[in-house]
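Enquirer: The structure follows.
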Amino acid sequence: MQSVPSQAIRPLSLNASLSSSRLPFFSFSLPIFHKFKINPSIYNKSQKVPLFLTLRCCSSGSVTAKASSELRRNRDVQEPDEKVVALRRLFSKPGIGIDAYIIPSQDAHQSEFIAECYMRRAYISGFTGSAGTAVVTKDKAALWTDGRYFLQAEKQLSSSWILMRAGSLGVPTTSEWLNDVLSPGGRVGIDPFLFSHDAAKELKEAISKKNLELVYLYDLNLVDEIWKESRPKPPNNPIRVHDMKYTGLDVASKLSSLRAELVGTGASAIVISMLDEVAWLLNLRGSDVPHSPVMYAYLIVEVDGAKLFVDNSKVSKEVMDHLKNASVELRPYDSILYEIKRLAAQGAQLWLDTSSVNAAIVETYKSALDKYRSNHGSKGKIKNKRYDESNGLSEGPSGVYMRSPISLAKALKNPAELEGMQNCHLRDAAALAQFWCWLEEEIQNNVELTEVDVADKLLEFRAKKEGFLDTSFDTISGSGANGAIIHYRAERGSCSVVDPNKLFLLDSGAQYIDGTTDITRTVHFGEPTAREKECFTRVLKGHIALDQAVFPENTPGFVLDAFARSSLWKIGLDYRHGTGHGVGAALNVHEGPQSISYRYGNTTPLQKGMIVSNEPGYYEDHAFGIRIENLLHVQEINTPNRYGGIEYLGFEKLTFFPIQVKLVDISLISDEEIEWLNNYHSQVWEKVSPLVEGSARQWLWNNTRVIHKQ
């Protein structure tokens with residue numbers, strides 16, 4: 001599944017029962033954080049990536065924004081005009097006084113997937129894609145989204161909305177558009193909980209060029225005001241302990257390493273707001289967010305303690321004991337700002353990752369520090385040397401503003417996490433073999449199946465597997481033209497019937513107790529055209545090229561992106577998404593900081609233990625879509641030479657499932673590529689066949705046969 005187009009795979013702005021007896025938990029070297037030092041000055045530079053969906057993607061020419069009434073769309077979608085009108089009425093209320101309001105996709109934790117009660121942009125606009133930003137002025141309404149969602153947005157937006165195809169030539173960014181449509185002195189309102197501090201800061205600077213003011217509305221969200229009683233209730237699902245046989249490291253060890261990092265940077269505490277970071281650090285899992293085993297919470301880790309801000313009703317006795325053993329106290333979820341003020345009043349030097357921590361928290365801390373310094377003069381008493389915002393020494397507290405060290409530590413999977421990922425992928429492959437056997441038989445028997453029927457049946461097969469918890473994202477089940485909608489979501493009543501004479505793309509994944517899966521396969525149930533076979537084969541060639549890549553350590557993912565695109569480029573084709581995203585171990589299907597993408601702003605090097613997807617594709621609008629996706633983990637490669645005395649890295653596959661040979665144009669692939677495909681299918685049979693029987697085993701055999709160059 002393709003991830004959101006933001007640095008480190010985070011949606012930070014407007015603009016992812018097994019035996020563990022063999023696992024030597026005690027052998028993991030500690031500390032796990034400060035091996036990977038982050039130079040603050042490098043961090044500041046590397047974060048300077050375009051925000052507000054300013055993705056630059058390939059375009060065949062000049063594309064200008066059009067009202068969605070001029071574009072192909074589903075006329076049955078409810079018009080959101082009344083909601084927009086109601087929103088505008090609030091602009092002139094006392095204490096608000098704004099000329100425009102921005103509604104991003106995120107929650108207060110910059111999550112990609114969010115609880116239904118926080119889907120404000122979808123509610124106000126009618127567009128349900130996971131990435132996008134709505135902006136409403138007194139007389140206009142516009143929505144920005146990226147290339148994965150252009151076709152979906154065309155269908156779902158009413159004629160009252162302007163669709164902004166972010167990254168296309170001639171399409172302004174959010175700030176450029178606001179500067180153009182608002183008069184000097186205009187006021188732009190935002191909910192500061194829904195913007196990272198960096199995103200809010202960049203927006204403020206961008207609109208100030210035309211003398212526009214950014215207004216933080218702390219006390220109310222305007223969309224919530226019109227949503228009222230019909231707004232879903234916040235999730236209240238129980239939290240569970242994630243067993244040591246899956247985590248490989250206990251909470252005390254993780255906190256000890258983090259505290260060593262705090263001391264090294266001169267911070268007295270760190271504020272953690274990313275939900276997967278909280279879950280990973282405390283070895284907890286939840287179910288507050290669809291597809292992601294996380295819970296809504298903040299965490300503050302101090303040198304001598306820790307506080308978890310969470311709804312207490314979610315905490316069982318087992319979880320309470322687990323937290324007590326790690327000396328973690330509980331606090332109400334909505335008391336986070338109070339605690340920030342309290343710490344600042346004591347002169348605490350907080351570590352804040354401003355690329356993920358929301359603007360409300362950061363600005364509250366800075367304001368409280370101003371009061372502290374005012375009360376104590378320039379010589380506020382603090383225990384250690386501190387760093388100011390420019391990372392120079394300061395006599396008083398001013399905050400440490402650096403990337404969270406947890407992001408990288410979480411990305412480097414330990415042996416227990418890798419074993420869990422390997423095992424769950426094999427169980428997942430068995431479910432997929434049973435599913436594809438069923439589907440092909442149904443198609444051959446002329447059974448009419450909708451895209452939703454197919455997705456639901458796949459869920460049935462997966463749900464029977466040991467350790468299954470949930471899907472890892474909404475299954476993308478696209479027949480024919482719907483496969484060209486990169487993040488298509490089939491809905492009952494409006495989806496298509498699976499056409500045996502067209503390409504069918506299925507991108508799906510699952511959350512298991514021990515790991516997370518994400519796989520895409522594209523098939524044809526009949527006879528593919530020469531054009532379809534050529535496009536599929538070139539996507540496969542790119543997939544193989546990336547899979548076989550060997551590269552020196554410290555290589556960032558963007559260096560490898562061209563490996564996957566080269567074959568398509570040779571005939572003037574490309575795709576509008578990144579090639580690979582990080583994947584969590586029994587956590588988010590999209591995680592950072594690593595990625596493989598043409599977005600060169602992410603300079604994070606690929607390192608041993610990281611997991612990434614390999615998913616090149618090709619999409620012809622209103623015709624078909626092709627994508628081939630496996631998950632890989634980065635490992636050291638034993639090369640005959642070590643130029644410069646450094647390590648060389650490559651990939652090991654986690655995904656083992658057949659690639660449809662019928663779609664391969666043998667004349668376009670080399671002997672080496674045929675050998676790769678045959679070897680891969682041999683591994684698929686060896687690893688997966690013991691887990692299936694009967695017709696599914698026969699299906700697997702039929703689809704892993706050796707092929708030869710004709």
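By convention in this document, the chains of the structure tokens carry letters A, B, ... by their order, each chain's residues are numbered from 1, and ligands are numbered from 1 in the order they are shown.
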May I have all residues of region 159-403 of chain A that DSSP, computed from the backbone, assigns to strand (DSSP E or B), given as a PyMOL selection string?

Expert: chain A and resi 162-165+187-190+196+213-216+240-241+269-272+284-285+289+292+298-302+305-309+328-331+350-352+358+386-387+393-394+400-401

Enquirer: Expressed in Å to a single decimal, how great is the separation between CA of Asp428 (chain A) and CA of Arg565 (chain A)?

Expert: 28.1 Å

Enquirer: Which residue, A:Ala623, A:Ala279, A:Leu352, A:Ala510, has the smallest gap to Gly478 (chain A) when you use only C-alpha atoms?

Expert: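 Between A:Ala623, A:Ala279, A:Leu352, A:Ala510, the residue approaching Gly478 (chain A) most closely is A:Ala623.
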
Enquirer: Identify, on the basis of only C-alpha atoms, every residue whose closest approach to Glu329 (chain A) does not exceed 9 Å; exclude the query and any residue fewer than 3 positions from it along the same chain; express the result as a list of chain:residue names.

Expert: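 My reading of the contact set: A:Gly305, A:Ala306, A:Lys307, A:Leu308, A:Phe309, A:Met320, A:Leu323, A:Lys324.
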
Enquirer: Include N, CA, C and O atoms and write out the residues we just selected as a CSV table (one decimal), in the first residue's frame.

Expert:
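What landed in result06.csv:
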```csv
chain,number,residue,atom,x,y,z
A,305,GLY,N,11.3,9.6,35.8
A,305,GLY,CA,9.9,9.1,35.8
A,305,GLY,C,9.3,9.2,34.4
A,305,GLY,O,9.9,9.6,33.4
A,306,ALA,N,8.0,8.8,34.3
A,306,ALA,CA,7.3,8.9,33.1
A,306,ALA,C,5.8,9.0,33.4
A,306,ALA,O,5.3,8.4,34.4
A,307,LYS,N,5.0,9.7,32.5
A,307,LYS,CA,3.6,9.9,32.7
A,307,LYS,C,2.9,9.6,31.3
A,307,LYS,O,3.3,10.1,30.3
A,308,LEU,N,1.9,8.7,31.4
A,308,LEU,CA,1.1,8.4,30.2
A,308,LEU,C,-0.2,9.0,30.3
A,308,LEU,O,-1.0,8.9,31.3
A,309,PHE,N,-0.6,9.8,29.3
A,309,PHE,CA,-1.8,10.6,29.3
A,309,PHE,C,-2.8,9.8,28.4
A,309,PHE,O,-2.7,9.8,27.2
A,320,MET,N,-2.2,-1.8,34.0
A,320,MET,CA,-1.8,-1.0,35.1
A,320,MET,C,-0.6,-1.6,35.8
A,320,MET,O,0.4,-0.8,36.1
A,323,LEU,N,2.5,-1.1,33.6
A,323,LEU,CA,3.0,0.3,33.7
A,323,LEU,C,3.7,0.6,35.0
A,323,LEU,O,4.8,1.2,35.1
A,324,LYS,N,3.1,0.1,36.1
A,324,LYS,CA,3.7,0.3,37.4
A,324,LYS,C,5.1,-0.3,37.5
A,324,LYS,O,6.0,0.2,38.1
```

Enquirer: With only C-alpha atoms as the basis for distance, which of A:Ser287, A:Ser567, A:Ser105, A:Ser268 is at the shortest distance from Phe127 (chain A)?

Expert: A:Ser105

Enquirer: Please, what distance in Å, to one decimal, runs between CA of Ala131 (chain A) and CA of Ile486 (chain A)?

Expert: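 A separation of 12.1 Å between them.
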
Enquirer: With only C-alpha atoms as the atoms that count, which of A:Ala86, A:Leu649, A:Leu282, A:Ala199 lies nearest to Thr555 (chain A)?

Expert: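 Closest to Thr555 (chain A), using only C-alpha atoms: A:Leu649.
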
Enquirer: From a DSSP calculation on the backbone, collect every residue of region 77-300 of chain A in alpha helix (DSSP H) and output the set as a VMD selection string.

Expert: chain A and resid 81 to 90 120 to 125 150 to 156 174 to 181 197 to 208 222 to 227 244 to 247 251 to 265 275 to 282

Enquirer: Would you mind listing what lies within 12 Å of Leu178 (chain A) as a short mmCIF file (atom, residue, chain, number, x, y, z; two decimals) with C-alpha atoms, in the first residue's frame, with only C-alpha atoms counted and same-chain residues fewer than 5 positions away left out?

Expert:
```
data_model
loop_
_atom_site.label_atom_id
_atom_site.label_comp_id
_atom_site.auth_asym_id
_atom_site.auth_seq_id
_atom_site.Cartn_x
_atom_site.Cartn_y
_atom_site.Cartn_z
CA ASP A 99 -11.63 34.98 6.72
CA ALA A 100 -10.58 31.39 6.00
CA TYR A 101 -10.36 28.07 7.83
CA ILE A 102 -8.06 25.14 7.07
CA ALA A 134 -9.65 21.44 2.75
CA VAL A 135 -9.66 25.23 2.82
CA VAL A 136 -12.86 27.23 3.14
CA THR A 137 -13.01 31.00 2.68
CA LYS A 138 -16.05 33.24 2.79
CA LYS A 140 -14.68 29.59 -1.98
CA ALA A 141 -13.95 26.01 -0.96
CA ALA A 142 -10.91 24.10 -2.25
CA PRO A 172 -0.86 26.67 -6.46
CA THR A 173 0.05 25.45 -3.00
CA SER A 183 -7.06 40.57 0.91
CA PRO A 184 -4.07 41.86 2.90
CA GLY A 185 -4.85 41.79 6.60
CA GLY A 186 -6.98 38.67 6.26
CA ARG A 187 -7.07 36.14 9.09
CA VAL A 188 -6.62 32.41 8.52
CA GLY A 189 -7.87 30.15 11.30
CA LEU A 203 2.18 28.21 6.93
CA LYS A 204 2.47 31.31 9.10
CA ALA A 206 4.21 31.73 3.88
CA ILE A 207 0.98 33.71 4.31
CA SER A 208 2.70 36.58 6.14
CA LYS A 209 4.29 37.51 2.82
CA LYS A 210 0.89 38.94 1.83
CA ASN A 211 0.21 40.32 5.31
CA LEU A 212 -2.15 37.51 6.28
CA GLU A 213 -2.39 36.46 9.93
CA LEU A 214 -2.49 32.88 11.19
#
```
